[in-house]
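Some notes on the structure that comes next.
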Amino acid sequence: MVLGTWYFVPKNEYMKSIIIALLAFGLFHSDGKLKIVSFEEFEEIIEAPSDGIRVYNFWATWCAPCIKEMPHFQTVSRSEGVELMFVSLDDGRKPDRVENFMEKRNITSPVVLLDDIDYNRWIGKVSDDWSGAIPATLFIDANGKRHFHEGEMSEQELKDFINKLK
Amino acid sequence: MRNMRFLMTMLLALVFTGAMAQKSGYQVGDTARDFELKNVDGETVSMADHEDAKGFLVIFSCNTCPYVVAYEDRMMELHEKYAPKGYPVIAINPNDEALSPGDSFEKMQERARDKNFPFAYVYDESQEIVNAYGATRTPEVYLLQKQDDELVVKYIGAIDNNYRDASEVTERYVEEAVDALLNDRQIAETSTKAIGCTIKFRK
């Protein structure tokens, strides 16, 4: 019955937003398998509508300060009730590096590997404030507004940043 | 409520503008300062020593960043190609040794020896130069051109658009910028962004 109603909704936009929402939901509730995305696919994820604060942390397995701050992100996202996604910028030809890392370091939050190395084409589309250095973190508040932080964050800094967005 | 939200937004805006205002460093068109930094051969290097140079490719670099490692051969090629035309490469390691032990001066000497760097590879131990230039990551290139007695910043950014594979590069930002200067043309793209390793600033 419910399904029937859905099928007869004629608006394409409506269906599109449902598909995007499902896609975003799927990625945020990943089964531990790493997904490899293009920048366009990543853009769809961050542009999906959401009622809550979302946090996208850019990192790589070779980046020591990134690895250091990851546990803070997992802890704070849980305690503050915000959605977190780790966006790996590792080599897309070697996803097993990221998968092994996730397993070894017990990364339970969703992870995608953003595999697009024509960096100058898309870094500015994430934020004007991003030079390209990692770690870096994109915050999207409940109104859909973007905020950006380049550089490592302590647990307290992260908490303060999120609380300012509430 | 609405007023409250407006006030909070304004406050946030203030906080963020404040944070941005702290982002110091050179923009394209600014005059860059010279330096006196210790090279891997023990000699002190400064741009004033290169009287014949038309400018410099100052590259913030290090030993440990995988992006730098991916670009080392291309940095050497840039020097081989452009030093004879008046634009030598000077690589500067700005990383704090305590935070990144692999970037110590001794390790720099090792790396320079192993790779047989044809360019100067100097150590910005006090981080005075990286702070003045405002570099945020390695590798990051500052193309400087001598105009009268000044060094003017002409390009800031990445070497090209494919760190993984030099043969797959479709945009050679630095080469195009230097070629433009050599031919008295406008530089098409004066700044570019790329993923890189954060510079390890002393705490």
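Identifiers for the structure tokens are assigned positionally: chains receive A, B, ... in sequence, residues are indexed from 1 per chain, and ligands are indexed from 1 in the order shown.
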Margin query: Can you work out which residues from chain A touch chain B at a cut-off of 12 Å (counting only C-alpha atoms) and hand them back as an MDAnalysis selection string?
Written below: chainID A and resid 58:66 88:93 114:136 141 143 145:152 161:166
Check: In chain B, what's strand (DSSP E) per DSSP? Answer as a PyMOL selection string?
Finding: chain B and resi 31-32+37-39+44-45+55-60+89-93+120-123+137-138+140-147+150-157+196-198
Save the residues we just selected, C-alpha atoms, as an mmCIF file, in the first residue's frame?
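That gives us result33.cif:
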data_model
loop_
_atom_site.group_PDB
_atom_site.id
_atom_site.type_symbol
_atom_site.label_atom_id
_atom_site.label_comp_id
_atom_site.auth_asym_id
_atom_site.auth_seq_id
_atom_site.Cartn_x
_atom_site.Cartn_y
_atom_site.Cartn_z
ATOM 1 C CA THR B 31 57.254 40.866 -2.598
ATOM 2 C CA ALA B 32 58.973 37.857 -1.058
ATOM 3 C CA LEU B 37 69.404 28.950 5.330
ATOM 4 C CA LYS B 38 71.773 26.054 5.757
ATOM 5 C CA ASN B 39 72.071 23.798 2.730
ATOM 6 C CA THR B 44 74.473 28.956 3.710
ATOM 7 C CA VAL B 45 72.179 29.676 0.789
ATOM 8 C CA GLY B 55 64.029 34.333 -10.306
ATOM 9 C CA PHE B 56 63.541 31.185 -8.277
ATOM 10 C CA LEU B 57 61.357 28.156 -7.838
ATOM 11 C CA VAL B 58 61.151 28.043 -4.061
ATOM 12 C CA ILE B 59 59.590 24.707 -3.127
ATOM 13 C CA PHE B 60 58.528 23.904 0.429
ATOM 14 C CA VAL B 89 64.949 25.353 -7.717
ATOM 15 C CA ILE B 90 65.586 25.937 -4.017
ATOM 16 C CA ALA B 91 63.881 23.335 -1.831
ATOM 17 C CA ILE B 92 63.154 24.330 1.768
ATOM 18 C CA ASN B 93 62.325 21.833 4.487
ATOM 19 C CA ALA B 120 69.927 23.430 -2.965
ATOM 20 C CA TYR B 121 67.984 21.703 -0.195
ATOM 21 C CA VAL B 122 67.944 23.973 2.844
ATOM 22 C CA TYR B 123 66.602 23.733 6.354
ATOM 23 C CA ARG B 137 51.750 21.944 2.876
ATOM 24 C CA THR B 138 54.500 20.055 1.123
ATOM 25 C CA GLU B 140 54.131 23.805 -2.401
ATOM 26 C CA VAL B 141 55.834 25.967 -5.018
ATOM 27 C CA TYR B 142 56.443 29.735 -4.921
ATOM 28 C CA LEU B 143 57.649 31.068 -8.248
ATOM 29 C CA LEU B 144 59.530 34.320 -7.712
ATOM 30 C CA GLN B 145 60.691 36.775 -10.334
ATOM 31 C CA LYS B 146 63.386 39.404 -9.849
ATOM 32 C CA GLN B 147 62.106 42.886 -10.587
ATOM 33 C CA GLU B 150 62.784 42.782 -5.417
ATOM 34 C CA LEU B 151 61.509 39.226 -5.650
ATOM 35 C CA VAL B 152 57.896 39.237 -6.755
ATOM 36 C CA VAL B 153 55.619 36.221 -6.210
ATOM 37 C CA LYS B 154 54.238 35.116 -9.575
ATOM 38 C CA TYR B 155 52.726 31.727 -8.873
ATOM 39 C CA ILE B 156 51.793 29.715 -5.771
ATOM 40 C CA GLY B 157 50.698 26.106 -5.821
ATOM 41 C CA GLY B 196 49.673 17.673 0.456
ATOM 42 C CA CYS B 197 51.165 16.974 3.856
ATOM 43 C CA THR B 198 50.586 19.580 6.534
#
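Remark: for A:Pro71, the closest of the candidate residues A:Leu158, A:Leu113, A:Ile45, A:Ile107 is A:Ile107 (distances computed over only C-alpha atoms).
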Next item on the list: Figure out the distance between atom CA of A:Glu157 and atom CA of B:Pro101, please, to one decimal in Å.
Entry: 25.8 Å
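The space separating atom CA of A:Asn57 from atom CA of A:Phe86 comes to 4.9 Å.
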Notebook entry, point to check: Could you state the separation of atom CA of B:Arg202 and atom CA of A:Gln156 in Å, given to one decimal place?
Noted result: 19.8 Å
Note to self: Could you pull out the alpha helix (DSSP H) residues of stretch 70-190 of chain B, going by DSSP on the backbone, and write them as a count of residues only?
What the structure shows: 40
